[in-house]
Every structure is written in structure tokens, then in C-alpha cells.
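What follows is a short report on a single structure.
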Amino acid sequence: MEALLSSTTLQLKPSFSSLHSPFSSCSSILRLKGGKKVENCIQRSQFSTVLPLRVSASSQAATTETSTSTSVPSEMKSWSYTDYGSVDVLKFESNVSVPDIKEDQVLIKVVAAALNPVDFKRRLGKFKATDSPLPTVPGYDVAGVVVKVGSQVKGLKEGDEVYGDIHEKALDGPKQFGSLAEYTAVEEKLVALKPKNLSFAEAAALPLAIETAYEGLEKAGFSAGKSILVLGGAGGVGSLVIQLAKHVFGASKVAATSSTGKLDLLKSLGADLAIDYTKENFEDLPDKFDVVYDSVGQGEKAVKAVKEGGSVVVLTGAVTPPGFRFVVTSNGEMLKKLNPYLESGKVKPVIDPRGPFPFDKVVEAFSYIETGRATGKVVIHPIP
């Protein structure tokens with residue numbers, strides 16, 4: 001089965017000037033960028049809806065929530081789709097019902113979100129048999145502020161700044177309401193307090209990718225003193241595998257592949273050996289590795305670079321023994337464990353230089369990530 005959580009790291013393409021924004025009249029807001037106020041155009045939708053998007057009874061249980069002093073509207077702006085297909089199915093809506101929360105959930109005012117390959121593969125219907133019912137508000141990664149808490153929530157309160165992957169199982173019944181909206185509901189156990197030193201945009205770039213990177217290293221039995229080769233080291237997952245292997249797990253040697261223009265990035269992240277895949281065949285290297293982490297789908301070559309008895313983590317493409325594939329499970333405790341490394345600066349998010357994409361450019365953001373040429377993560381910010 002084709003993996004749905006992969007990331008690729010080829011060279012960037014020109015902008016998508018042919019795509020049209022679904023917005024019309026503009027009202028300016030301000031956000032800070034590099035310490036300077038920048039004017040942004042967040043515009044009103046002309047998209048006409050017959051009925052607001054609502055969750056079916058089968059996918060959303062009755063709620064139990066605490067009282068809140070925060071004013072939460074009944075409707076919100078979001079992106080959604082009612083059919084599977086290309087980016088053309090994505091529609092902006094301004095009268096979507098704000099999701100209710102269950103007793104173990106919090107409601108988050110979304111400040112930033114990020115896209116992953118699983119987002120567009122879900123939209124294409126790659127796992128429709130296990131998906132939640134349409135219509136869907138897409139989005140896995142979120143960073144924002146808690147505005148309402150369920151009656152069983154113990155560790156979070158209104159006003160907390162949090163981040164996380166809102167879908168516990170990426171391919172098995174992900175929520176109908178994702179993070180590409182003004183508000184999203186998520187179980188307390190799936191999120192963590194945002195690292196204090198990171199912006200919302202930086203925090204949104206992390207959850208699914210860093211959880212995938214960390215869980216893959218754990219499943220491969222990676223530990224201090226071992227060596228690793230990361231295929232696709234400049235991608236969303238790969239860039240974090242390099243950092244985690246080096247700075248958290250204590251790797252003896254980290255090698256990684258990318259195209260020519262991204263070799264310096266690999267070295268800055270902690271790679272001891274940066275391999276230009278356009279000029280070198282990594283499988284022909286005389287030194288072999290304890291673990292090969294393949295985020296780009298080169299399984300047949302990957303197994304040629306691993307030591308006897310080693311492991312090959314495969315996120316996409318064919319799996320050749322001793323390679324194995326896994327689907328990440330969202331885990332707020334993992335984020336809490338990694339927060340000290342993020343707050344110390346040992347591990348850093350990598351955001352594609354084309355972004356962050358504003359909320360009215362979600363179609364362009366999807367189109368861009370689907371080229372497979374993004375560096376790090378494609379982030380959506382600000383979300384009004």
C-alpha cells in the first residue's frame with residue numbers, strides 16, 4: 001500500500017500565478033514579521049453555500065463542556081471539500097459550524113496550520129474506505145490558543161498556547177473537522193503546550209513530521225552510537241530525523257541526501273555527510289549504516305546501504321526486507337518529551353521559504369506541496 005505520510009525534497013518550482021483566490025473584498029490586518037508590522041489582505045468569501053458544514057451524528061458525539069468566558073461564535077471560516085479530487089474541490093466557506101467538543105477535548109482558536117502529503121492524499125481519496133464522512137475540513141497540524149475545555153480535561157485551560165496533530169490515527173477515521181479553519185476540536189492527549197521560544201507558525205510546522213521522525217527512529221531501534229542514512233534530508237520528516245538522530249538519540253554518524261542546492265541545509269541540521277543524489281549513488285558508499293530512514297521511496301536502493309542486521313524505515317514506495325513501514329500515531333506526550341530540545345534550540349522547525357502561505361492561499365499551498373519540491377514544511381499563517 002502506498003504510504004500516505006511521505007515527504008520529498010526536490011528543487012523549487014516557480015509560483016502558481018495561474019491559480020485564483022476565492023476571495024473578493026479585502027480588509028487589512030496586521031501581523032508581525034521579523035519584528036516589523038506587515039499588512040496582509042485577508043478577504044471576504046464570495047463562495048455561496050446552501051447549508052453550513054455540519055458533522056454527521058455518526059462522527060461526532062454529544063458534548064460535555066465547561067463554561068467559558070471566551071466568546072466563541074457559532075460559525076467560522078474554513079476550507080472544505082464535499083467531493084474527493086484535485087485542488088479544484090477545495091472551497092472557502094464563511095458559515096461553517098464551529099465544532100462542538102467532547103468531554104475529553106479542547107476547542108482551539110487556530111493561529112497557524114501546516115500541510116503534509118497525507119493532506120492531499122486524503123483529499124484525493126487514497127484512503128476513502130477508512131476516512132470520515134464528507135464534507136471534510138482538511139488539516140492535521142495545528143498551533144493555536146485553547147478557548148474552551150471539556151469537563152474531563154485536566155491539564156489544559158483557556159488561554160493555553162498549544163500545538164499538535166489533531167488526528168490520532170492518520171488514516172483510520174481522521175476527524176471531519178481539520179485544522180484549516182478558525183477553530184478545531186481535539187483531544188487533550190493529542191496536544192502539548194507550545195514551546196515558548198517558537199512562533200505559532202514554527203510550532204505548526206512540527207507535530208505530524210516530528211512524531212513520524214521520532215516514532216520511526218524508535219521502531220528501528222535507533223540508539224546512541226549508531227549510524228544513520230536519511231533519504232530526503234531536506235523534507236519535512238527528513239529534516240527532523242537528522243536533528244533527532246544527532247541531538248536527541250546521540251548518533252555516531254548522520255548522513256543524508258538532497259539535491260545540490262540543499263546540501264548546506266543538511267549540514268546545518270547536523271548531517272556529518274551531505275550526499276548530492278544528483279551526482280552520487282548513496283547505495284554505492286563503502287560505509288554502511290545501522291539504520292536507513294527512507295522518506296522518498298527508494299526502498300530497493302535503501303536496503304543496499306544498511307548493515308547486516310540493520311533496519312530500514314520506509315515511508316513511501318515499495319518495501320524491501322529488512323525494510324518496514326508504519327503509520328504514525330498522534331501523541332501529545334511525545335511532543336512534551338521533545339519540547340526541551342525545541343526550547344533549547346537543539347531541534348528546529350524548517351519552514352519552506354515560499355511560506356508561510358496566508359489563509360486565502362490554501363489552494364496554492366496544496367498545489368505547491370503536491371509538486372514534491374518543498375523544503376521542510378508548508379505552513380498556513382495567519383489564520384484569521
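Labels used: A, B, ... for chains in the order of the C-alpha cells, numbers from 1 for residues in each chain, and numbers from 1 for ligands as shown.
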Handout entry: Close residues, range 196-199 of chain A itself excluded, 12 Å, only C-alpha atoms, min 2 positions apart in chain, as a VMD selection string
Key = chain A and resid 31 to 34 111 to 113 143 to 144 160 to 163 192 to 194 201 to 206 339 to 345 347 to 351 356 379 381 to 382
Sorted by chain and rising residue number, which residues of range 57-162 of chain A lie within 12 Å of range 228-248 of chain A, and what are their closest atom pairs and distances in Å to one decimal, counting only C-alpha atoms, as a Markdown table?
| residue | atom | partner | partner_atom | distance |
| --- | --- | --- | --- | --- |
| A:Ala114 | CA | A:Gly236 | CA | 10.5 |
| A:Leu115 | CA | A:Gly236 | CA | 9.8 |
| A:Asn116 | CA | A:Gly236 | CA | 8.1 |
| A:Pro117 | CA | A:Gly236 | CA | 9.7 |
Problem - Å distance separating CA of Val296 in chain A from CA of Ser367 in chain A, one decimal place - result: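 CA of Ser367 in chain A lies at a distance of 18.5 Å from CA of Val296 in chain A.
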Handout entry: All helix (DSSP H, G or I) residues (DSSP, backbone) inside range 37-241 of chain A, as an MDAnalysis selection string
Key = chainID A and resid 87:89 117:123 128:130 188:190 200:204 207:219 238:241
Problem - Spatial neighbours of Pro207 in chain A, 9 Å, only C-alpha atoms, chain gap at least 2 places, as a ChimeraX atom specification - result: /A:140-142,163-165,191,203-205,209-212,330-332,335
Okay, now the selection with all heavy atoms, as a compact mmCIF listing (two decimals), in the first residue's frame?
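Written output follows (part.txt):
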# COMPACT_ATOMS: atom_id res chain seq x y z
N TYR A 140 -4.09 18.52 9.46
CA TYR A 140 -3.65 17.70 10.58
C TYR A 140 -2.93 18.54 11.64
O TYR A 140 -3.25 18.48 12.81
CB TYR A 140 -2.71 16.58 10.09
CG TYR A 140 -3.40 15.43 9.41
CD1 TYR A 140 -4.03 15.60 8.18
CD2 TYR A 140 -3.42 14.16 9.99
CE1 TYR A 140 -4.67 14.53 7.55
CE2 TYR A 140 -4.05 13.09 9.36
CZ TYR A 140 -4.67 13.28 8.14
OH TYR A 140 -5.31 12.23 7.52
N ASP A 141 -1.93 19.31 11.21
CA ASP A 141 -1.12 20.09 12.14
C ASP A 141 -1.81 21.37 12.56
O ASP A 141 -2.40 22.07 11.72
CB ASP A 141 0.22 20.45 11.49
CG ASP A 141 1.13 19.26 11.31
OD1 ASP A 141 1.12 18.36 12.17
OD2 ASP A 141 1.87 19.23 10.29
N VAL A 142 -1.69 21.72 13.85
CA VAL A 142 -2.31 22.93 14.35
C VAL A 142 -1.43 23.56 15.42
O VAL A 142 -0.71 22.88 16.15
CB VAL A 142 -3.71 22.65 14.94
CG1 VAL A 142 -3.62 21.83 16.22
CG2 VAL A 142 -4.48 23.93 15.19
N TYR A 163 0.02 23.06 20.57
CA TYR A 163 0.25 22.58 19.20
C TYR A 163 0.10 21.06 19.19
O TYR A 163 0.22 20.42 20.23
CB TYR A 163 1.61 23.02 18.67
CG TYR A 163 2.83 22.29 19.22
CD1 TYR A 163 3.74 21.69 18.35
CD2 TYR A 163 3.09 22.22 20.59
CE1 TYR A 163 4.87 21.05 18.83
CE2 TYR A 163 4.22 21.59 21.08
CZ TYR A 163 5.11 21.00 20.19
OH TYR A 163 6.23 20.35 20.66
N GLY A 164 -0.17 20.52 18.00
CA GLY A 164 -0.32 19.08 17.91
C GLY A 164 -0.87 18.64 16.58
O GLY A 164 -1.24 19.45 15.72
N ASP A 165 -0.92 17.32 16.40
CA ASP A 165 -1.57 16.67 15.26
C ASP A 165 -2.94 16.24 15.77
O ASP A 165 -3.04 15.39 16.66
CB ASP A 165 -0.73 15.48 14.80
CG ASP A 165 -1.44 14.57 13.81
OD1 ASP A 165 -2.55 14.92 13.34
OD2 ASP A 165 -0.89 13.50 13.50
N VAL A 191 -2.33 16.94 22.13
CA VAL A 191 -1.63 18.22 22.01
C VAL A 191 -0.72 18.45 23.21
O VAL A 191 -0.81 17.75 24.23
CB VAL A 191 -2.61 19.40 21.86
CG1 VAL A 191 -3.44 19.24 20.59
CG2 VAL A 191 -3.52 19.52 23.08
N ALA A 203 5.67 26.40 15.36
CA ALA A 203 5.11 25.25 16.08
C ALA A 203 4.22 24.41 15.19
O ALA A 203 4.24 23.17 15.26
CB ALA A 203 4.33 25.73 17.30
N ALA A 204 3.43 25.06 14.33
CA ALA A 204 2.54 24.32 13.43
C ALA A 204 3.32 23.45 12.45
O ALA A 204 2.79 22.45 11.95
CB ALA A 204 1.65 25.29 12.67
N ALA A 205 4.57 23.79 12.18
CA ALA A 205 5.39 23.03 11.24
C ALA A 205 5.86 21.69 11.80
O ALA A 205 6.41 20.87 11.06
CB ALA A 205 6.60 23.86 10.82
N ALA A 209 5.18 15.70 11.50
CA ALA A 209 6.51 15.35 10.99
C ALA A 209 7.45 14.91 12.10
O ALA A 209 8.17 13.91 11.96
CB ALA A 209 7.09 16.55 10.24
N ILE A 210 7.46 15.64 13.23
CA ILE A 210 8.40 15.27 14.29
C ILE A 210 7.96 13.98 14.98
O ILE A 210 8.79 13.17 15.41
CB ILE A 210 8.57 16.43 15.30
CG1 ILE A 210 9.90 16.26 16.06
CG2 ILE A 210 7.39 16.52 16.27
CD1 ILE A 210 10.31 17.48 16.87
N GLU A 211 6.65 13.74 15.06
CA GLU A 211 6.17 12.49 15.63
C GLU A 211 6.49 11.32 14.71
O GLU A 211 6.86 10.23 15.18
CB GLU A 211 4.66 12.58 15.88
CG GLU A 211 4.30 13.52 17.02
CD GLU A 211 2.82 13.76 17.18
OE1 GLU A 211 2.03 13.36 16.29
OE2 GLU A 211 2.42 14.37 18.19
N THR A 212 6.38 11.53 13.40
CA THR A 212 6.76 10.49 12.44
C THR A 212 8.25 10.19 12.53
O THR A 212 8.68 9.03 12.55
CB THR A 212 6.40 10.93 11.01
OG1 THR A 212 5.00 11.16 10.91
CG2 THR A 212 6.79 9.86 9.99
N SER A 330 -0.67 9.98 16.57
CA SER A 330 -0.51 11.28 17.22
C SER A 330 -0.38 11.10 18.72
O SER A 330 -1.10 10.30 19.33
CB SER A 330 -1.72 12.17 16.90
OG SER A 330 -1.62 13.42 17.55
N ASN A 331 0.53 11.85 19.33
CA ASN A 331 0.87 11.60 20.72
C ASN A 331 1.37 12.89 21.37
O ASN A 331 2.51 13.29 21.16
CB ASN A 331 1.95 10.51 20.79
CG ASN A 331 2.30 10.09 22.19
OD1 ASN A 331 1.93 10.75 23.15
ND2 ASN A 331 3.02 8.99 22.30
N GLY A 332 0.53 13.51 22.18
CA GLY A 332 0.93 14.73 22.85
C GLY A 332 2.06 14.52 23.83
O GLY A 332 2.88 15.43 24.05
N LEU A 335 5.33 15.01 22.15
CA LEU A 335 5.65 16.42 21.98
C LEU A 335 6.18 17.01 23.28
O LEU A 335 7.15 17.79 23.28
CB LEU A 335 4.43 17.20 21.50
CG LEU A 335 3.88 16.81 20.12
CD1 LEU A 335 2.64 17.64 19.81
CD2 LEU A 335 4.93 17.01 19.03
Exercise for the section: Please measure the separation of CA of Thr257 in chain A and CA of Ile275 in chain A, giving the value in Å to one decimal. Expected result: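 It comes out at 4.6 Å.
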Handout entry: range 193-284 of chain A: residues DSSP assigns to strand (DSSP E), reported as a list in words
Key = Leu193, Ser227, Ile228, Leu229, Val230, Leu231, Lys253, Val254, Ala255, Ala256, Thr257, Ser258, Leu273, Ala274, Ile275 and Asp276 of chain A
Could the residues in this selection be saved with N, CA, C and O atoms as a PDB file, in the first residue's frame?
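So part28.pdb came out as:
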ATOM      1  N   LEU A 193       1.647  21.897  25.261  1.00  0.00           N
ATOM      2  CA  LEU A 193       1.911  23.327  25.300  1.00  0.00           C
ATOM      3  C   LEU A 193       2.959  23.687  24.247  1.00  0.00           C
ATOM      4  O   LEU A 193       3.945  22.964  24.062  1.00  0.00           O
ATOM      5  N   SER A 227      24.783   4.602  13.564  1.00  0.00           N
ATOM      6  CA  SER A 227      24.863   5.458  12.378  1.00  0.00           C
ATOM      7  C   SER A 227      23.551   5.386  11.609  1.00  0.00           C
ATOM      8  O   SER A 227      22.817   4.395  11.688  1.00  0.00           O
ATOM      9  N   ILE A 228      23.277   6.463  10.859  1.00  0.00           N
ATOM     10  CA  ILE A 228      22.016   6.530  10.116  1.00  0.00           C
ATOM     11  C   ILE A 228      22.208   7.271   8.815  1.00  0.00           C
ATOM     12  O   ILE A 228      22.997   8.225   8.722  1.00  0.00           O
ATOM     13  N   LEU A 229      21.493   6.816   7.779  1.00  0.00           N
ATOM     14  CA  LEU A 229      21.413   7.497   6.491  1.00  0.00           C
ATOM     15  C   LEU A 229      19.966   7.926   6.295  1.00  0.00           C
ATOM     16  O   LEU A 229      19.053   7.105   6.387  1.00  0.00           O
ATOM     17  N   VAL A 230      19.758   9.221   6.052  1.00  0.00           N
ATOM     18  CA  VAL A 230      18.421   9.778   5.870  1.00  0.00           C
ATOM     19  C   VAL A 230      18.240  10.122   4.395  1.00  0.00           C
ATOM     20  O   VAL A 230      18.962  10.970   3.858  1.00  0.00           O
ATOM     21  N   LEU A 231      17.289   9.470   3.750  1.00  0.00           N
ATOM     22  CA  LEU A 231      16.990   9.753   2.344  1.00  0.00           C
ATOM     23  C   LEU A 231      15.890  10.810   2.292  1.00  0.00           C
ATOM     24  O   LEU A 231      14.800  10.606   2.814  1.00  0.00           O
ATOM     25  N   LYS A 253      27.085   8.859  13.591  1.00  0.00           N
ATOM     26  CA  LYS A 253      27.270   9.425  12.259  1.00  0.00           C
ATOM     27  C   LYS A 253      25.904   9.588  11.610  1.00  0.00           C
ATOM     28  O   LYS A 253      25.081   8.668  11.628  1.00  0.00           O
ATOM     29  N   VAL A 254      25.672  10.772  11.034  1.00  0.00           N
ATOM     30  CA  VAL A 254      24.437  11.046  10.309  1.00  0.00           C
ATOM     31  C   VAL A 254      24.800  11.444   8.887  1.00  0.00           C
ATOM     32  O   VAL A 254      25.526  12.421   8.674  1.00  0.00           O
ATOM     33  N   ALA A 255      24.304  10.687   7.921  1.00  0.00           N
ATOM     34  CA  ALA A 255      24.441  11.031   6.514  1.00  0.00           C
ATOM     35  C   ALA A 255      23.052  11.298   5.967  1.00  0.00           C
ATOM     36  O   ALA A 255      22.058  10.745   6.455  1.00  0.00           O
ATOM     37  N   ALA A 256      22.951  12.152   4.967  1.00  0.00           N
ATOM     38  CA  ALA A 256      21.638  12.477   4.407  1.00  0.00           C
ATOM     39  C   ALA A 256      21.783  12.888   2.954  1.00  0.00           C
ATOM     40  O   ALA A 256      22.830  13.398   2.534  1.00  0.00           O
ATOM     41  N   THR A 257      20.702  12.671   2.194  1.00  0.00           N
ATOM     42  CA  THR A 257      20.710  13.016   0.772  1.00  0.00           C
ATOM     43  C   THR A 257      19.814  14.216   0.503  1.00  0.00           C
ATOM     44  O   THR A 257      18.823  14.448   1.193  1.00  0.00           O
ATOM     45  N   SER A 258      20.181  14.968  -0.522  1.00  0.00           N
ATOM     46  CA  SER A 258      19.335  16.049  -1.036  1.00  0.00           C
ATOM     47  C   SER A 258      19.865  16.441  -2.405  1.00  0.00           C
ATOM     48  O   SER A 258      20.888  15.919  -2.863  1.00  0.00           O
ATOM     49  N   LEU A 273      27.637  13.920   6.847  1.00  0.00           N
ATOM     50  CA  LEU A 273      27.889  13.684   5.431  1.00  0.00           C
ATOM     51  C   LEU A 273      26.651  14.069   4.640  1.00  0.00           C
ATOM     52  O   LEU A 273      25.578  13.505   4.839  1.00  0.00           O
ATOM     53  N   ALA A 274      26.784  15.065   3.767  1.00  0.00           N
ATOM     54  CA  ALA A 274      25.678  15.505   2.913  1.00  0.00           C
ATOM     55  C   ALA A 274      25.932  14.987   1.506  1.00  0.00           C
ATOM     56  O   ALA A 274      26.956  15.290   0.887  1.00  0.00           O
ATOM     57  N   ILE A 275      24.995  14.185   1.007  1.00  0.00           N
ATOM     58  CA  ILE A 275      25.170  13.488  -0.272  1.00  0.00           C
ATOM     59  C   ILE A 275      24.269  14.109  -1.324  1.00  0.00           C
ATOM     60  O   ILE A 275      23.051  14.203  -1.142  1.00  0.00           O
ATOM     61  N   ASP A 276      24.848  14.544  -2.418  1.00  0.00           N
ATOM     62  CA  ASP A 276      24.098  15.106  -3.544  1.00  0.00           C
ATOM     63  C   ASP A 276      23.589  13.944  -4.406  1.00  0.00           C
ATOM     64  O   ASP A 276      24.370  13.324  -5.129  1.00  0.00           O
TER      65      ASP A 276
END
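You will find CA of Ser74 in chain A at 24.1 Å from CA of Phe200 in chain A.
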